Amino acid sequence: MKGWEAFRVALDALRANRLRSLLTMLGVIIGVAAVVVVVSIGAGAREQIESQVEGLGSNLILVVPGEAGQRGAPTVSRMTLADEQLLERVVGDPAAVTARLSSGERIRAGAASAFTTVHGADADMPRVFDRPLADGSYLTATDVDTRRRVAVLGSRTAEQLFADADPVGRQVTVGGTRFRVIGVLAEQGESFGVSQDDEVHIPITTAQRILGVDRVDAFAVRAPNSEVVPAVSRQLHAALKERYPDQPFSAITQTQILGVIGNILGLLTSVLAAIAGISLLVGGVGVSNIMLVSVRERTKEIGLRKALGARQRDVLAQFLVEAVLLTTIGGVLGILIGVVGSVLLDRFSPLPAAVEWWSPVVAFAVSAAVGVFFGVFPARRAGRLDPVVALRTE
């Protein structure tokens, strides 16, 4: 039997039992669609996280106390503002290093109040973190040196406290101390589920005085370009270890952050895709079962074909093509449903989704392989039927 003839006979057999064929394909359709959607959600989440990390600032290195990835109680920082000059010498650009001290505080403006994150910062923060202003001006070196009581509000905090009024020039109270608002940061959105617009920036020296500390929580360093980031990271770590030999430090790059998150997302996506792929196996079992039923129903037809000269491999090819056709059609329908579902999820739900080109290809290949794997046994059984016994079967 020629390949085209086997395909035509298999297609006619499927058309003769449309409802049964559709129900048989349902498991494959669900499995393929689920795999495509799960992989798309994983890819969308990865892209969203990558954009959020890159949105923190280009070529960014975060210098923090403690060993990254180590469990246990957080390491208390011994870094101070004096260390900023050390890191500036390492980088070779004083404007590429900024210090940060953070605390959750309640901020008030008249009758309005909001609990927000207060960041002690210096004049270089907007350049290092790529944070433009929507209104007013940012902190200056003079503000930091003189411990001035001025504040820059995040867009959401400004809206909570002043609604539609212009906050620049108005007064707010942070930790019992009054501050004059000199600027409002442009809207930034969320990063890792935390709003970057729900914050207040004040001079880091003023923050240290309010909190009664002289430490710095972290330094952020902007490397000249992406090629030197690993080298600068090692130099920053070595400089601080030389000054504080008994305290561990970490210089974390964006690549390291993306690598860790990417590994976690990749593992989670693989597990979920494997779980979704179980329905493909269930669908394959259904295909095998239906093909066995089909062989039994068409025993006389098989006997007649073999009596007229059809060889065992011809009958085997006929039923194998029929099984593969069931799963490949189901695979195509599943891919269409998965792609459309992913697009709809990305557009109309909070779940990000990005269709990876390889996921439909792999899903289609697996669906075809399922057809071959689960179709071989029924096809071989049909091919081995004795034509005399088959013709006498009622």
# chains A, B, ... in the order shown; residues from 1 in each chain; ligands from 1
$ closest_atom_pairs --of "region 176-229 of chain A" --to "region 108-117 of chain A" --cutoff "7 Å" --atoms "only C-alpha atoms" --output "JSON lines"
{"residue": "A:Asp198", "atom": "CA", "partner": "A:Thr116", "partner_atom": "CA", "distance": 5.9}
{"residue": "A:Glu199", "atom": "CA", "partner": "A:Thr117", "partner_atom": "CA", "distance": 4.7}
{"residue": "A:Val200", "atom": "CA", "partner": "A:Thr117", "partner_atom": "CA", "distance": 6.3}
$ residues_around --residues "Asn289 (chain A)" --least-positions-apart "2" --cutoff "12 Å" --atoms "only C-alpha atoms" --output "mmCIF file with N, CA and C atoms, in the first residue's frame"
data_model
loop_
_atom_site.group_PDB
_atom_site.id
_atom_site.type_symbol
_atom_site.label_atom_id
_atom_site.label_comp_id
_atom_site.auth_asym_id
_atom_site.auth_seq_id
_atom_site.Cartn_x
_atom_site.Cartn_y
_atom_site.Cartn_z
ATOM 1 N N ARG A 20 -16.367 9.827 17.629
ATOM 2 C CA ARG A 20 -15.419 8.984 18.349
ATOM 3 C C ARG A 20 -13.986 9.487 18.143
ATOM 4 N N SER A 21 -13.683 9.931 16.948
ATOM 5 C CA SER A 21 -12.345 10.451 16.666
ATOM 6 C C SER A 21 -12.082 11.719 17.463
ATOM 7 N N THR A 24 -11.512 10.914 21.064
ATOM 8 C CA THR A 24 -10.203 10.285 21.226
ATOM 9 C C THR A 24 -9.096 11.341 21.215
ATOM 10 N N VAL A 282 -2.268 10.129 28.801
ATOM 11 C CA VAL A 282 -3.655 9.651 28.931
ATOM 12 C C VAL A 282 -4.323 9.617 27.559
ATOM 13 N N GLY A 283 -4.073 10.666 26.778
ATOM 14 C CA GLY A 283 -4.622 10.694 25.430
ATOM 15 C C GLY A 283 -4.073 9.568 24.573
ATOM 16 N N GLY A 284 -2.787 9.245 24.757
ATOM 17 C CA GLY A 284 -2.187 8.147 24.009
ATOM 18 C C GLY A 284 -2.818 6.812 24.346
ATOM 19 N N VAL A 285 -3.099 6.611 25.627
ATOM 20 C CA VAL A 285 -3.782 5.378 26.040
ATOM 21 C C VAL A 285 -5.158 5.299 25.391
ATOM 22 N N GLY A 286 -5.832 6.452 25.327
ATOM 23 C CA GLY A 286 -7.140 6.482 24.669
ATOM 24 C C GLY A 286 -7.038 6.148 23.195
ATOM 25 N N VAL A 287 -5.997 6.652 22.542
ATOM 26 C CA VAL A 287 -5.784 6.334 21.126
ATOM 27 C C VAL A 287 -5.563 4.837 20.942
ATOM 28 N N MET A 291 -8.002 2.363 18.840
ATOM 29 C CA MET A 291 -7.456 1.648 17.691
ATOM 30 C C MET A 291 -7.679 0.142 17.832
ATOM 31 N N LEU A 292 -7.587 -0.369 19.057
ATOM 32 C CA LEU A 292 -7.881 -1.784 19.283
ATOM 33 C C LEU A 292 -9.347 -2.094 18.969
ATOM 34 N N VAL A 293 -10.220 -1.177 19.393
ATOM 35 C CA VAL A 293 -11.648 -1.334 19.064
ATOM 36 C C VAL A 293 -11.850 -1.299 17.559
ATOM 37 N N SER A 294 -11.131 -0.381 16.879
ATOM 38 C CA SER A 294 -11.256 -0.250 15.429
ATOM 39 C C SER A 294 -10.790 -1.520 14.724
ATOM 40 N N VAL A 295 -9.698 -2.103 15.211
ATOM 41 C CA VAL A 295 -9.205 -3.356 14.627
ATOM 42 C C VAL A 295 -10.251 -4.455 14.762
ATOM 43 N N ARG A 296 -10.885 -4.513 15.929
ATOM 44 C CA ARG A 296 -11.897 -5.551 16.157
ATOM 45 C C ARG A 296 -13.110 -5.335 15.251
ATOM 46 N N ALA A 323 -3.529 6.055 13.584
ATOM 47 C CA ALA A 323 -3.241 6.480 14.960
ATOM 48 C C ALA A 323 -2.442 7.786 14.982
ATOM 49 N N GLY A 371 1.394 9.179 18.960
ATOM 50 C CA GLY A 371 0.623 8.385 18.003
ATOM 51 C C GLY A 371 1.373 7.157 17.543
ATOM 52 N N PHE A 374 1.759 4.627 20.764
ATOM 53 C CA PHE A 374 0.537 3.943 21.185
ATOM 54 C C PHE A 374 -0.218 3.319 20.012
ATOM 55 N N GLY A 375 0.244 3.587 18.790
ATOM 56 C CA GLY A 375 -0.438 2.995 17.638
ATOM 57 C C GLY A 375 0.221 1.739 17.128
ATOM 58 N N VAL A 376 1.456 1.487 17.576
ATOM 59 C CA VAL A 376 2.195 0.330 17.072
ATOM 60 C C VAL A 376 1.515 -0.982 17.466
ATOM 61 N N PHE A 377 1.112 -1.115 18.727
ATOM 62 C CA PHE A 377 0.537 -2.388 19.189
ATOM 63 C C PHE A 377 -0.760 -2.728 18.453
ATOM 64 N N PRO A 378 -1.731 -1.828 18.362
ATOM 65 C CA PRO A 378 -2.944 -2.163 17.602
ATOM 66 C C PRO A 378 -2.633 -2.446 16.133
ATOM 67 N N ALA A 379 -1.679 -1.674 15.547
ATOM 68 C CA ALA A 379 -1.359 -1.879 14.135
ATOM 69 C C ALA A 379 -0.730 -3.248 13.914
#
$ closest_residue --among "A:Gln254, A:Leu26, A:Ala134, A:Val221" --to "Asp93 (chain A)" --atoms "only C-alpha atoms"
A:Val221
$ select_by_dssp --residues "region 206-377 of chain A" --states "helix (DSSP H, G or I)" --output "ChimeraX atom specification"
/A:206-211,226-243,254-297,299-307,312-348,358-377
$ select_by_dssp --residues "region 218-255 of chain A" --states "strand (DSSP E or B)" --output "list in words"
Ala218, Phe219, Ala220, Val221, Arg222, Phe249, Ser250, Ala251, Ile252 and Thr253 of chain A
$ closest_atom_pairs --of "region 33-129 of chain A" --to "region 334-354 of chain A" --cutoff "8 Å" --atoms "only C-alpha atoms" --output "JSON lines"
{"residue": "A:Ala33", "atom": "CA", "partner": "A:Gly338", "partner_atom": "CA", "distance": 4.1}
{"residue": "A:Ala34", "atom": "CA", "partner": "A:Gly338", "partner_atom": "CA", "distance": 6.6}
{"residue": "A:Val35", "atom": "CA", "partner": "A:Gly338", "partner_atom": "CA", "distance": 7.8}
{"residue": "A:Val36", "atom": "CA", "partner": "A:Gly338", "partner_atom": "CA", "distance": 5.3}
{"residue": "A:Val37", "atom": "CA", "partner": "A:Gly338", "partner_atom": "CA", "distance": 5.3}
{"residue": "A:Ser40", "atom": "CA", "partner": "A:Ala354", "partner_atom": "CA", "distance": 4.8}
{"residue": "A:Ile41", "atom": "CA", "partner": "A:Ala353", "partner_atom": "CA", "distance": 4.2}
{"residue": "A:Gly42", "atom": "CA", "partner": "A:Ala353", "partner_atom": "CA", "distance": 7.1}
{"residue": "A:Ala43", "atom": "CA", "partner": "A:Ala354", "partner_atom": "CA", "distance": 5.6}
{"residue": "A:Gly44", "atom": "CA", "partner": "A:Ala353", "partner_atom": "CA", "distance": 4.0}
{"residue": "A:Ala45", "atom": "CA", "partner": "A:Pro352", "partner_atom": "CA", "distance": 5.7}
{"residue": "A:Gln48", "atom": "CA", "partner": "A:Pro352", "partner_atom": "CA", "distance": 7.3}
$ closest_residue --among "A:Ser102, A:Asn59, A:Gln85, A:Ser51" --to "Ala223 (chain A)" --atoms "only C-alpha atoms"
A:Asn59
$ closest_residue --among "A:Ala276, A:Leu267, A:Ile202, A:Val28" --to "Phe364 (chain A)" --atoms "only C-alpha atoms"
A:Val28
$ closest_residue --among "A:Val38, A:Gly331, A:Arg147, A:Ile261" --to "Val355 (chain A)" --atoms "only C-alpha atoms"
A:Val38
$ atom_distance --atom1 "CA of Glu105 (chain A)" --atom2 "CA of His201 (chain A)"
11.7 Å
$ residues_around --residues "Asp122 (chain A)" --least-positions-apart "2" --cutoff "7 Å" --atoms "only C-alpha atoms" --output "PyMOL selection string"
chain A and resi 98-99+124-125+139+141+144+203-204
$ write_last_selection --atoms "N, CA and C atoms" --output "PDB file, in the first residue's frame"
ATOM      1  N   THR A  98      26.164  55.076  44.716  1.00  0.00           N
ATOM      2  CA  THR A  98      25.172  55.705  45.580  1.00  0.00           C
ATOM      3  C   THR A  98      24.911  54.810  46.787  1.00  0.00           C
ATOM      4  N   ALA A  99      24.658  55.425  47.922  1.00  0.00           N
ATOM      5  CA  ALA A  99      24.401  54.688  49.172  1.00  0.00           C
ATOM      6  C   ALA A  99      22.915  54.698  49.472  1.00  0.00           C
ATOM      7  N   ASP A 124      23.411  61.052  43.762  1.00  0.00           N
ATOM      8  CA  ASP A 124      23.715  60.223  42.594  1.00  0.00           C
ATOM      9  C   ASP A 124      22.686  59.136  42.328  1.00  0.00           C
ATOM     10  N   MET A 125      21.692  58.991  43.197  1.00  0.00           N
ATOM     11  CA  MET A 125      20.725  57.913  43.049  1.00  0.00           C
ATOM     12  C   MET A 125      20.004  57.921  41.694  1.00  0.00           C
ATOM     13  N   LEU A 139      17.481  65.484  45.357  1.00  0.00           N
ATOM     14  CA  LEU A 139      18.408  65.837  46.424  1.00  0.00           C
ATOM     15  C   LEU A 139      19.761  66.242  45.840  1.00  0.00           C
ATOM     16  N   ALA A 141      24.053  67.349  46.702  1.00  0.00           N
ATOM     17  CA  ALA A 141      25.148  67.043  47.624  1.00  0.00           C
ATOM     18  C   ALA A 141      25.097  67.951  48.847  1.00  0.00           C
ATOM     19  N   VAL A 144      22.688  66.619  51.399  1.00  0.00           N
ATOM     20  CA  VAL A 144      23.251  65.508  52.170  1.00  0.00           C
ATOM     21  C   VAL A 144      24.264  66.019  53.185  1.00  0.00           C
ATOM     22  N   PRO A 203      17.624  62.905  52.345  1.00  0.00           N
ATOM     23  CA  PRO A 203      19.089  62.797  52.443  1.00  0.00           C
ATOM     24  C   PRO A 203      19.495  61.676  53.395  1.00  0.00           C
ATOM     25  N   ILE A 204      20.469  60.870  52.999  1.00  0.00           N
ATOM     26  CA  ILE A 204      20.850  59.713  53.799  1.00  0.00           C
ATOM     27  C   ILE A 204      21.387  60.124  55.169  1.00  0.00           C
TER      28      ILE A 204
END
$ residues_around --residues "region 243-246 of chain A" --least-positions-apart "6" --cutoff "10 Å" --atoms "only C-alpha atoms" --output "PyMOL selection string"
chain A and resi 78-79+83+86
$ write_last_selection --atoms "C-alpha atoms" --output "PDB file, in the first residue's frame"
ATOM      1  CA  ARG A  78      28.988  47.681  59.188  1.00  0.00           C
ATOM      2  CA  MET A  79      29.299  49.789  56.051  1.00  0.00           C
ATOM      3  CA  ASP A  83      33.093  53.449  52.407  1.00  0.00           C
ATOM      4  CA  LEU A  86      36.532  53.623  48.695  1.00  0.00           C
TER       5      LEU A  86
END
$ residues_around --residues "Gln208 (chain A)" --least-positions-apart "5" --cutoff "12 Å" --atoms "only C-alpha atoms" --output "list in words"
Thr80, Leu81, Ala99, Arg100, Leu101, Ser102, Ser103, Val118, His119, Gly120, Ala121, Val144, Arg147, Gly175, Ile202, Pro203, Val213, Asp214, Arg215, Val216 and Asp217 of chain A
$ residues_around --residues "Ala158 (chain A)" --least-positions-apart "4" --cutoff "9 Å" --atoms "only C-alpha atoms" --output "PyMOL selection string"
chain A and resi 153-154+162-167+184+197-198
$ closest_residue --among "A:Gln171, A:Gly189, A:Ser226, A:Thr205" --to "Thr142 (chain A)" --atoms "only C-alpha atoms"
A:Thr205
$ residues_around --residues "Val97 (chain A)" --least-positions-apart "5" --cutoff "7 Å" --atoms "only C-alpha atoms" --output "mmCIF file with N, CA and C atoms, in the first residue's frame"
data_model
loop_
_atom_site.group_PDB
_atom_site.id
_atom_site.type_symbol
_atom_site.label_atom_id
_atom_site.label_comp_id
_atom_site.auth_asym_id
_atom_site.auth_seq_id
_atom_site.Cartn_x
_atom_site.Cartn_y
_atom_site.Cartn_z
ATOM 1 N N GLU A 84 31.883 54.860 50.834
ATOM 2 C CA GLU A 84 31.488 55.289 49.493
ATOM 3 C C GLU A 84 32.699 55.790 48.709
ATOM 4 N N GLU A 88 34.120 54.451 45.170
ATOM 5 C CA GLU A 88 34.282 55.407 44.073
ATOM 6 C C GLU A 88 35.673 55.305 43.454
ATOM 7 N N ASP A 124 23.411 61.052 43.762
ATOM 8 C CA ASP A 124 23.715 60.223 42.594
ATOM 9 C C ASP A 124 22.686 59.136 42.328
ATOM 10 N N VAL A 128 22.315 56.388 38.940
ATOM 11 C CA VAL A 128 22.660 54.978 39.112
ATOM 12 C C VAL A 128 21.452 54.089 38.828
ATOM 13 N N PHE A 219 25.205 49.624 48.960
ATOM 14 C CA PHE A 219 25.696 50.532 47.932
ATOM 15 C C PHE A 219 25.274 49.991 46.575
ATOM 16 N N ALA A 220 24.908 50.883 45.696
ATOM 17 C CA ALA A 220 24.620 50.508 44.311
ATOM 18 C C ALA A 220 25.673 51.164 43.425
ATOM 19 N N VAL A 221 26.248 50.381 42.546
ATOM 20 C CA VAL A 221 27.334 50.859 41.689
ATOM 21 C C VAL A 221 26.954 50.615 40.236
ATOM 22 N N ARG A 222 27.160 51.631 39.425
ATOM 23 C CA ARG A 222 26.895 51.508 38.000
ATOM 24 C C ARG A 222 28.223 51.385 37.259
#
$ decode --residues "region 114-159 of chain A" --atoms "N, CA and C atoms" --output "compact mmCIF listing (two decimals), in the first residue's frame"
# COMPACT_ATOMS: atom_id res chain seq x y z
N ALA A 114 0.16 57.79 55.06
CA ALA A 114 0.42 56.54 54.34
C ALA A 114 1.66 55.90 54.93
N PHE A 115 1.63 54.57 55.02
CA PHE A 115 2.82 53.85 55.46
C PHE A 115 3.62 53.50 54.22
N THR A 116 4.85 53.93 54.17
CA THR A 116 5.64 53.76 52.96
C THR A 116 7.10 53.48 53.31
N THR A 117 7.90 53.21 52.30
CA THR A 117 9.33 52.96 52.49
C THR A 117 10.08 54.28 52.35
N VAL A 118 10.85 54.60 53.37
CA VAL A 118 11.67 55.81 53.34
C VAL A 118 13.10 55.40 53.01
N HIS A 119 13.63 55.96 51.93
CA HIS A 119 14.99 55.67 51.51
C HIS A 119 15.89 56.87 51.81
N GLY A 120 16.92 56.62 52.59
CA GLY A 120 17.97 57.61 52.71
C GLY A 120 18.87 57.49 51.50
N ALA A 121 19.01 58.56 50.73
CA ALA A 121 19.74 58.49 49.47
C ALA A 121 20.64 59.71 49.32
N ASP A 122 21.45 59.69 48.26
CA ASP A 122 22.29 60.85 47.97
C ASP A 122 22.00 61.35 46.56
N ALA A 123 22.78 62.33 46.12
CA ALA A 123 22.47 63.02 44.87
C ALA A 123 22.66 62.15 43.64
N ASP A 124 23.41 61.05 43.76
CA ASP A 124 23.72 60.22 42.59
C ASP A 124 22.69 59.14 42.33
N MET A 125 21.69 58.99 43.20
CA MET A 125 20.72 57.91 43.05
C MET A 125 20.00 57.92 41.69
N PRO A 126 19.50 59.07 41.18
CA PRO A 126 18.77 59.03 39.90
C PRO A 126 19.61 58.52 38.74
N ARG A 127 20.90 58.82 38.75
CA ARG A 127 21.75 58.37 37.65
C ARG A 127 22.04 56.88 37.75
N VAL A 128 22.32 56.39 38.94
CA VAL A 128 22.66 54.98 39.11
C VAL A 128 21.45 54.09 38.83
N PHE A 129 20.28 54.48 39.32
CA PHE A 129 19.07 53.66 39.19
C PHE A 129 18.17 54.07 38.04
N ASP A 130 18.57 55.05 37.24
CA ASP A 130 17.74 55.52 36.12
C ASP A 130 16.34 55.93 36.59
N ARG A 131 16.28 56.84 37.53
CA ARG A 131 15.00 57.31 38.07
C ARG A 131 14.78 58.77 37.69
N PRO A 132 14.04 59.04 36.64
CA PRO A 132 13.76 60.43 36.26
C PRO A 132 12.73 61.07 37.17
N LEU A 133 12.66 62.38 37.13
CA LEU A 133 11.70 63.15 37.94
C LEU A 133 10.50 63.54 37.09
N ALA A 134 9.35 63.55 37.72
CA ALA A 134 8.14 64.05 37.06
C ALA A 134 7.92 65.52 37.36
N ASP A 135 8.42 65.99 38.50
CA ASP A 135 8.21 67.38 38.90
C ASP A 135 9.27 67.77 39.94
N GLY A 136 9.65 69.05 39.94
CA GLY A 136 10.58 69.55 40.94
C GLY A 136 12.02 69.13 40.68
N SER A 137 12.77 68.96 41.76
CA SER A 137 14.19 68.62 41.67
C SER A 137 14.51 67.51 42.66
N TYR A 138 15.72 66.92 42.51
CA TYR A 138 16.14 65.84 43.39
C TYR A 138 17.10 66.37 44.45
N LEU A 139 17.48 65.48 45.36
CA LEU A 139 18.41 65.84 46.42
C LEU A 139 19.76 66.24 45.84
N THR A 140 20.42 67.17 46.49
CA THR A 140 21.74 67.62 46.06
C THR A 140 22.79 67.21 47.09
N ALA A 141 24.05 67.35 46.70
CA ALA A 141 25.15 67.04 47.62
C ALA A 141 25.10 67.95 48.85
N THR A 142 24.67 69.19 48.64
CA THR A 142 24.54 70.13 49.76
C THR A 142 23.47 69.65 50.73
N ASP A 143 22.37 69.12 50.21
CA ASP A 143 21.30 68.59 51.08
C ASP A 143 21.84 67.48 51.98
N VAL A 144 22.69 66.62 51.40
CA VAL A 144 23.25 65.51 52.17
C VAL A 144 24.26 66.02 53.18
N ASP A 145 25.14 66.93 52.75
CA ASP A 145 26.20 67.43 53.65
C ASP A 145 25.63 68.19 54.84
N THR A 146 24.54 68.94 54.61
CA THR A 146 23.96 69.78 55.67
C THR A 146 22.79 69.12 56.37
N ARG A 147 22.48 67.89 56.00
CA ARG A 147 21.36 67.15 56.62
C ARG A 147 20.04 67.94 56.52
N ARG A 148 19.79 68.47 55.38
CA ARG A 148 18.56 69.26 55.19
C ARG A 148 17.33 68.35 55.26
N ARG A 149 16.25 68.92 55.67
CA ARG A 149 14.99 68.18 55.80
C ARG A 149 14.13 68.44 54.56
N VAL A 150 14.56 67.81 53.48
CA VAL A 150 13.83 67.89 52.22
C VAL A 150 13.52 66.46 51.77
N ALA A 151 12.48 66.33 50.97
CA ALA A 151 12.03 64.99 50.56
C ALA A 151 11.58 64.99 49.12
N VAL A 152 11.78 63.84 48.48
CA VAL A 152 11.29 63.59 47.12
C VAL A 152 10.34 62.40 47.22
N LEU A 153 9.11 62.59 46.71
CA LEU A 153 8.07 61.57 46.86
C LEU A 153 7.96 60.69 45.61
N GLY A 154 7.64 59.42 45.84
CA GLY A 154 7.25 58.56 44.73
C GLY A 154 5.88 58.98 44.23
N SER A 155 5.55 58.67 43.00
CA SER A 155 4.30 59.14 42.40
C SER A 155 3.07 58.64 43.16
N ARG A 156 3.09 57.39 43.61
CA ARG A 156 1.93 56.86 44.32
C ARG A 156 1.80 57.50 45.70
N THR A 157 2.91 57.69 46.39
CA THR A 157 2.87 58.35 47.69
C THR A 157 2.36 59.78 47.57
N ALA A 158 2.81 60.48 46.53
CA ALA A 158 2.36 61.85 46.31
C ALA A 158 0.85 61.89 46.07
N GLU A 159 0.34 60.89 45.33
CA GLU A 159 -1.10 60.84 45.07
C GLU A 159 -1.88 60.54 46.34
